[in-house]
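A.B. asks: One structure, as structure tokens, below. Some questions next.
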Amino acid sequence: MKLLGTTEKGISESEAKRRLEVFGYNEVVEKKRNPVVDFLLRFWGPMPWLLELAAVLSLLLGHYIEGIIIFVLLTINAVIGHWHARGSQKAVELLKKKLAIKAKVLRDGAWTIKEAREVVPGDVISVRLGDIVPADAKIISGELSVDQSALTGESLPVDVHESDVVYSGSIVRRGEAICVVVNTGANTYFGKTTELVKIAKPKSHQEEIMMAVIKYMMYFGVAASLLVSSYALLINVDLLTVLTFIVTFLMGAVPVALPAVLTIIQAVGAVELAKKGALVTRLDSIEDAASIDILCLDKTGTITQNKLSVVDVVPFYEYKKEEVIALAALASREESLDLIDLAVISYAKDLKVDLSKYKQVSYKPFDPSTKRTEAIVKVSEDQFKVVKGAPQVIMSLCEDVDKKTIDSANKMIEEFSRKGYRAIAVAKSEENNNDNLKLVGLLSLADPPRPDSKSMIEEIKKLEVKPVMLTGDNIAIAKEIARQVGIGDKIVRLPDLEGLSEAEQEKIVEEADGFAEIYPEDKYKIVKLFQSKGHMVGMTGDGVNDAPALKQAEMGIAVSNSTDVAKASASVVLTEPGMGVIVDLIKVSRQTYQRALSWVINKVTKVIEFVSVLTLSFFWLHNLVLSLLGMSLLVFANDFVTMSLATDNVEHTKSPNKWNVKNITLASLVPAAFLVLEGMLVIFTGVQYFHLNMEHLRSLVLLNLVFNSQFRVLIIRERRHFWSSRPGRELLITSTATIIGFMILGAFGIFIYPLTVYEILVILGYSMFFTLLIDFPKYYVFRKFGL
């Protein structure tokens, strides 16, 4: 303490500010990648190599201007990709900032909550069950069991006592302690920043599906290019031209914009959710909520208000009401910030209960695995033990309870339950004999449902997601709360499932509306049982013991007052209490899914159309109807205009969304077939009616492919008829600008051979008419395949 210039009462705010200037913030500054290097890396990879090869081939064939233009397009692609990536990174930084770990610090003699980065050496901090230790600290008082596996690789928790050091990043698994901070930031023993936002993300399900679709499109493109190349070699086309064919085909099949589109779609969803009070800990987790069909909801704090107040006190034996509340207050501690402890202490203060003659020698905070708090209390020369907690647990600890008292207690608990009250039992040992506990009374605590819970449950059901209530309270309370909020009346106790076959257990679980009298570790079992029946599960939790279930669920949701460990295990952290945010989360995630689906359908349709038109026309005309430059312009117009699908105006679906590659591909074949027919008719018109040579025909085909790609996006983005919803502003602007831009290129012969205004308008009308015609079969096919 002397060395750190502090006392057990901590330091002042002004001293903390001074120390911040000396020691810096409690964080390890990440080495940021050089933005120039980051930008240059965009010229390295499969797609840039294809464009670079196209530029080199153009130069070798003597098309110098084309080669330069392709390189310029590649640079523009790199700039757009880099700009979007920076935007997504800013979204992640915003999430990191909002999800900063908090620390309970003693400043100016009062406990206050600060961001962990503001902790300085000499600060006195309090850590308890579920906290992540914010800095290296020495224990002044208390005992802890900490998990250091993330730091040392040790799988077993380590017990630490007074004068031991707990390291920054350790997770408190048991106990409570007051500590003094010795090292912060880079000076901590492990020198790691503890944060909840995960950047090293696993490959998401959506990404895997999109990559699978792209892989099949690549196979299609490669097969077509090999077919055309083999035929070209048979009719004595030179090798350099054949190589040009292959590069052109591959450029059409490879999705330039895929990485950027994925990131933008996720970042847009993350920012939208952050505004609504839900912070995603992984960008890719947003899409998971689109698929969930079961939502397990914690009763306390999610369905109910989690604002406890003591309603009634029922004493047993010779004890009086004031004595019962005094003993309950002695088994509580204000600094723990436990809601039951605070409710009991507040009630004792209201009754002006005098606790001055008692001294709390030791205190064990609430542990979800034991469902009780304990304290050793000294009065005069004697000591006794006092416990409070779940009635079933406390009564099982009392040895000499007569049947009449048990019956009376159970009757009172049932009566409380019928009113929706929660019962807490209090027991006390004899003086100097801590093992002989006696039941002294019951407290009833009110935790009414939130005003919006009933309407939100209805909303969740309308979204075809089944809400399931989970609670540690007894079955009578669970049924009463479930009735009040309209969840249902099939409430199950897990012990009732014991002895049943696995099939019977799964059937009962699937039909259940809720589970009562469960321990936190049971939540993991419930999630697994639902998943074994093929359900996608959302799960809310707040405590350290909820972490396995939150990780196991497809959508782990840490509620607003969660422990750091629960937040670290969850995919989404709520900053607002209640269920309104969860409803928003489901809706936004379904919108995100719809945007990704639009991009995939558009990509599949485009590749089938482009590859088929080029292949068929080569067998007909013995030449490619699209140059390398034309292909580069088309790639730019298509892939980067469809980026605006990431911010498109979409509606969420009324039911959960599931990816189905087969159905997506089959549904995409119908619009693609119409567009292939249109492409061949355009070539026929160019040859037979406009009598164009090959160079001018290439300009005509390029404009047709660009125009119909813009109209196609507007048709495919809507699962119903295209006029059912207004496209997003960015999509309309980019599509209109692309059409006007390419009309100017064609009319003035910029980069491509010029066409007459009449020819351009005919192709524009042709493209519009044919693409609008697709809308009717598309509507039928999308409904048939459930898109």
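Ligands are numbered from 1 in the order shown, chains are lettered A, B, ... in the order of the structure tokens, and residues start at 1 in each chain.
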Name all residues at most 12 Å from Leu614 (chain A) (count only C-alpha atoms; drop same-chain ones fewer than 4 positions away) and give them as a PyMOL selection string.

C.D. replies: chain A and resi 221+224-225+227-229+245-246+248-250+252+607-610+618-627+631+676+679-680+683+698+701-702+705

A.B. asks: Could you pull out the alpha helix (DSSP H) residues of region 171-303 of chain A, going by DSSP on the backbone, and write them as number ranges by chain?

C.D. replies: A: 205-234, 239-253, 258-276

A.B. asks: What lies within 10 Å of Phe742 (chain A) using only C-alpha atoms, ignoring chain neighbours under 6 positions off, as a PyMOL selection string?

C.D. replies: chain A and resi 633+637+702-703+706-707+748+750+752+760

A.B. asks: With all heavy atoms retained, write the just-selected residues as an mmCIF file, in the first residue's frame.

C.D. replies:
```
data_model
loop_
_atom_site.group_PDB
_atom_site.id
_atom_site.type_symbol
_atom_site.label_atom_id
_atom_site.label_comp_id
_atom_site.auth_asym_id
_atom_site.auth_seq_id
_atom_site.Cartn_x
_atom_site.Cartn_y
_atom_site.Cartn_z
ATOM 1 N N LEU A 633 -15.247 -4.026 -67.613
ATOM 2 C CA LEU A 633 -16.278 -3.003 -67.378
ATOM 3 C C LEU A 633 -17.540 -3.639 -66.791
ATOM 4 O O LEU A 633 -18.174 -3.087 -65.893
ATOM 5 C CB LEU A 633 -16.621 -2.287 -68.687
ATOM 6 C CG LEU A 633 -15.542 -1.338 -69.239
ATOM 7 C CD1 LEU A 633 -15.847 -0.959 -70.673
ATOM 8 C CD2 LEU A 633 -15.449 -0.071 -68.379
ATOM 9 N N ALA A 637 -19.355 -2.851 -63.301
ATOM 10 C CA ALA A 637 -20.755 -2.408 -63.268
ATOM 11 C C ALA A 637 -21.612 -3.347 -62.431
ATOM 12 O O ALA A 637 -22.437 -2.909 -61.622
ATOM 13 C CB ALA A 637 -21.314 -2.330 -64.685
ATOM 14 N N LEU A 702 -22.281 -5.940 -74.593
ATOM 15 C CA LEU A 702 -21.866 -5.374 -73.302
ATOM 16 C C LEU A 702 -22.975 -4.501 -72.717
ATOM 17 O O LEU A 702 -23.339 -4.647 -71.537
ATOM 18 C CB LEU A 702 -20.580 -4.547 -73.455
ATOM 19 C CG LEU A 702 -20.166 -3.739 -72.208
ATOM 20 C CD1 LEU A 702 -19.830 -4.659 -71.042
ATOM 21 C CD2 LEU A 702 -18.991 -2.824 -72.506
ATOM 22 N N LEU A 703 -23.546 -3.602 -73.544
ATOM 23 C CA LEU A 703 -24.613 -2.719 -73.040
ATOM 24 C C LEU A 703 -25.823 -3.529 -72.597
ATOM 25 O O LEU A 703 -26.430 -3.234 -71.561
ATOM 26 C CB LEU A 703 -25.021 -1.714 -74.111
ATOM 27 C CG LEU A 703 -23.997 -0.607 -74.447
ATOM 28 C CD1 LEU A 703 -24.607 0.418 -75.387
ATOM 29 C CD2 LEU A 703 -23.498 0.093 -73.186
ATOM 30 N N VAL A 706 -25.041 -5.090 -69.236
ATOM 31 C CA VAL A 706 -25.027 -4.073 -68.163
ATOM 32 C C VAL A 706 -26.452 -3.637 -67.835
ATOM 33 O O VAL A 706 -26.846 -3.587 -66.662
ATOM 34 C CB VAL A 706 -24.163 -2.853 -68.572
ATOM 35 C CG1 VAL A 706 -24.359 -1.696 -67.595
ATOM 36 C CG2 VAL A 706 -22.690 -3.237 -68.626
ATOM 37 N N PHE A 707 -27.257 -3.326 -68.899
ATOM 38 C CA PHE A 707 -28.631 -2.860 -68.661
ATOM 39 C C PHE A 707 -29.460 -3.924 -67.934
ATOM 40 O O PHE A 707 -30.116 -3.636 -66.941
ATOM 41 C CB PHE A 707 -29.322 -2.498 -69.978
ATOM 42 C CG PHE A 707 -28.726 -1.304 -70.680
ATOM 43 C CD1 PHE A 707 -28.908 -1.111 -72.056
ATOM 44 C CD2 PHE A 707 -27.973 -0.364 -69.983
ATOM 45 C CE1 PHE A 707 -28.366 0.004 -72.710
ATOM 46 C CE2 PHE A 707 -27.423 0.739 -70.627
ATOM 47 C CZ PHE A 707 -27.621 0.923 -71.992
ATOM 48 N N PHE A 748 -20.780 7.795 -77.315
ATOM 49 C CA PHE A 748 -19.586 8.565 -77.699
ATOM 50 C C PHE A 748 -18.366 7.678 -77.994
ATOM 51 O O PHE A 748 -17.286 8.189 -78.300
ATOM 52 C CB PHE A 748 -19.227 9.570 -76.607
ATOM 53 C CG PHE A 748 -20.242 10.686 -76.489
ATOM 54 C CD1 PHE A 748 -21.260 10.634 -75.545
ATOM 55 C CD2 PHE A 748 -20.197 11.790 -77.352
ATOM 56 C CE1 PHE A 748 -22.208 11.651 -75.454
ATOM 57 C CE2 PHE A 748 -21.130 12.809 -77.254
ATOM 58 C CZ PHE A 748 -22.150 12.747 -76.316
ATOM 59 N N ILE A 750 -16.577 5.801 -75.937
ATOM 60 C CA ILE A 750 -15.516 5.891 -74.913
ATOM 61 C C ILE A 750 -15.229 4.468 -74.429
ATOM 62 O O ILE A 750 -16.126 3.775 -73.943
ATOM 63 C CB ILE A 750 -15.959 6.783 -73.732
ATOM 64 C CG1 ILE A 750 -16.388 8.176 -74.238
ATOM 65 C CG2 ILE A 750 -14.856 6.905 -72.694
ATOM 66 C CD1 ILE A 750 -17.170 9.005 -73.234
ATOM 67 N N ILE A 752 -15.243 1.769 -75.703
ATOM 68 C CA ILE A 752 -15.829 0.720 -76.559
ATOM 69 C C ILE A 752 -16.179 1.331 -77.919
ATOM 70 O O ILE A 752 -16.193 2.552 -78.084
ATOM 71 C CB ILE A 752 -17.100 0.113 -75.899
ATOM 72 C CG1 ILE A 752 -18.166 1.195 -75.613
ATOM 73 C CG2 ILE A 752 -16.751 -0.639 -74.616
ATOM 74 C CD1 ILE A 752 -19.479 0.651 -75.067
ATOM 75 N N ILE A 760 -28.821 1.972 -79.133
ATOM 76 C CA ILE A 760 -28.719 1.948 -77.666
ATOM 77 C C ILE A 760 -30.110 1.931 -77.044
ATOM 78 O O ILE A 760 -30.380 1.150 -76.113
ATOM 79 C CB ILE A 760 -27.913 3.168 -77.148
ATOM 80 C CG1 ILE A 760 -26.447 3.042 -77.584
ATOM 81 C CG2 ILE A 760 -27.988 3.279 -75.617
ATOM 82 C CD1 ILE A 760 -25.622 4.296 -77.367
#
```

A.B. asks: Of the candidates A:Ser163, A:Asn77, A:Asn410, A:Ser668, which one gets nearest to Phe43 (chain A) if we count only C-alpha atoms?

C.D. replies: A:Asn77

A.B. asks: Measuring between only C-alpha atoms, which one of A:Leu279, A:Met218, A:Met643, A:Val37 shows the shortest distance to Thr575 (chain A)?

C.D. replies: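 Between A:Leu279, A:Met218, A:Met643, A:Val37, the residue approaching Thr575 (chain A) most closely is A:Leu279.
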
A.B. asks: Fewer than 3 positions away in the same chain doesn't count, so skip those; otherwise give me all residues within 12 Å of Gly122 (chain A), counting only C-alpha atoms, as a ChimeraX atom specification.

C.D. replies: /A:1-13,15-16,18-20,23,105-107,119,125,135-138,179-184

A.B. asks: For Val314 (chain A), find every residue with an atom within 12 Å (counting only C-alpha atoms), except residues of its own chain fewer than 5 positions away, and show them as a list in words.

C.D. replies: Tyr319, Lys320, Lys321, Glu322, Glu323, Val324, Ile325, Thr405, Ser408, Ala409, Asn410, Lys411, Met412, Ile413, Glu415, Phe416, Ala423, Ile424, Ala425, Val426, Leu439, Val440, Gly441, Leu442, Leu443, Ser444 and Leu445 of chain A

A.B. asks: Contacts between region 332-342 of chain A and region 372-472 of chain A, please, where a residue of region 372-472 of chain A counts if it comes within 10 Å (with only C-alpha atoms); show its shortest atom pair and distance in Å to one decimal, rows by chain and ascending number, as a tab-separated table.

C.D. replies:
```
residue	atom	partner	partner_atom	distance
A:Thr373	CA	A:Ser332	CA	7.2
A:Glu374	CA	A:Ser332	CA	8.0
A:Ala375	CA	A:Ser332	CA	7.8
A:Val386	CA	A:Ser332	CA	9.7
A:Val387	CA	A:Ser332	CA	9.2
A:Lys388	CA	A:Ser332	CA	8.5
A:Gly389	CA	A:Ile340	CA	9.3
A:Ile424	CA	A:Ile340	CA	9.1
A:Leu445	CA	A:Ile340	CA	8.4
```

A.B. asks: Keeping only N, CA, C and O atoms, write the selected residues as a compact mmCIF listing (two decimals), in the first residue's frame.

C.D. replies:
```txt
# COMPACT_ATOMS: atom_id res chain seq x y z
N THR A 373 -26.84 -17.67 0.19
CA THR A 373 -25.73 -16.87 0.72
C THR A 373 -25.54 -17.30 2.18
O THR A 373 -26.49 -17.74 2.83
N GLU A 374 -24.31 -17.16 2.67
CA GLU A 374 -24.01 -17.57 4.05
C GLU A 374 -23.18 -16.49 4.72
O GLU A 374 -22.41 -15.79 4.06
N ALA A 375 -23.32 -16.38 6.05
CA ALA A 375 -22.47 -15.45 6.81
C ALA A 375 -22.24 -16.01 8.20
O ALA A 375 -23.09 -16.70 8.77
N VAL A 386 -25.67 -17.81 9.68
CA VAL A 386 -27.00 -17.49 9.14
C VAL A 386 -26.95 -17.70 7.63
O VAL A 386 -25.98 -17.33 6.97
N VAL A 387 -28.00 -18.35 7.11
CA VAL A 387 -28.06 -18.61 5.65
C VAL A 387 -29.42 -18.15 5.13
O VAL A 387 -30.42 -18.19 5.85
N LYS A 388 -29.42 -17.72 3.87
CA LYS A 388 -30.70 -17.39 3.22
C LYS A 388 -30.61 -17.85 1.76
O LYS A 388 -29.53 -17.83 1.16
N GLY A 389 -31.75 -18.27 1.21
CA GLY A 389 -31.73 -18.74 -0.18
C GLY A 389 -33.01 -19.44 -0.56
O GLY A 389 -34.06 -19.24 0.06
N ILE A 424 -38.04 -16.65 -0.13
CA ILE A 424 -36.66 -16.83 0.33
C ILE A 424 -36.74 -17.33 1.78
O ILE A 424 -37.48 -16.76 2.59
N LEU A 445 -40.78 -12.05 -1.98
CA LEU A 445 -40.23 -10.96 -2.81
C LEU A 445 -41.05 -10.84 -4.07
O LEU A 445 -41.35 -11.84 -4.73
```

A.B. asks: Please identify which residues in region 481-526 of chain A DSSP calls strand (DSSP E) from the backbone, and express them as a compact mmCIF listing (two decimals) with C-alpha atoms, in the first residue's frame.

C.D. replies:
```
# COMPACT_ATOMS: atom_id res chain seq x y z
CA ILE A 491 -44.34 -25.86 -17.41
CA VAL A 492 -41.98 -28.78 -16.74
CA ARG A 493 -39.56 -29.63 -13.91
CA GLY A 514 -41.20 -23.45 -19.82
CA PHE A 515 -38.95 -25.08 -17.24
CA ALA A 516 -39.01 -24.42 -13.50
```
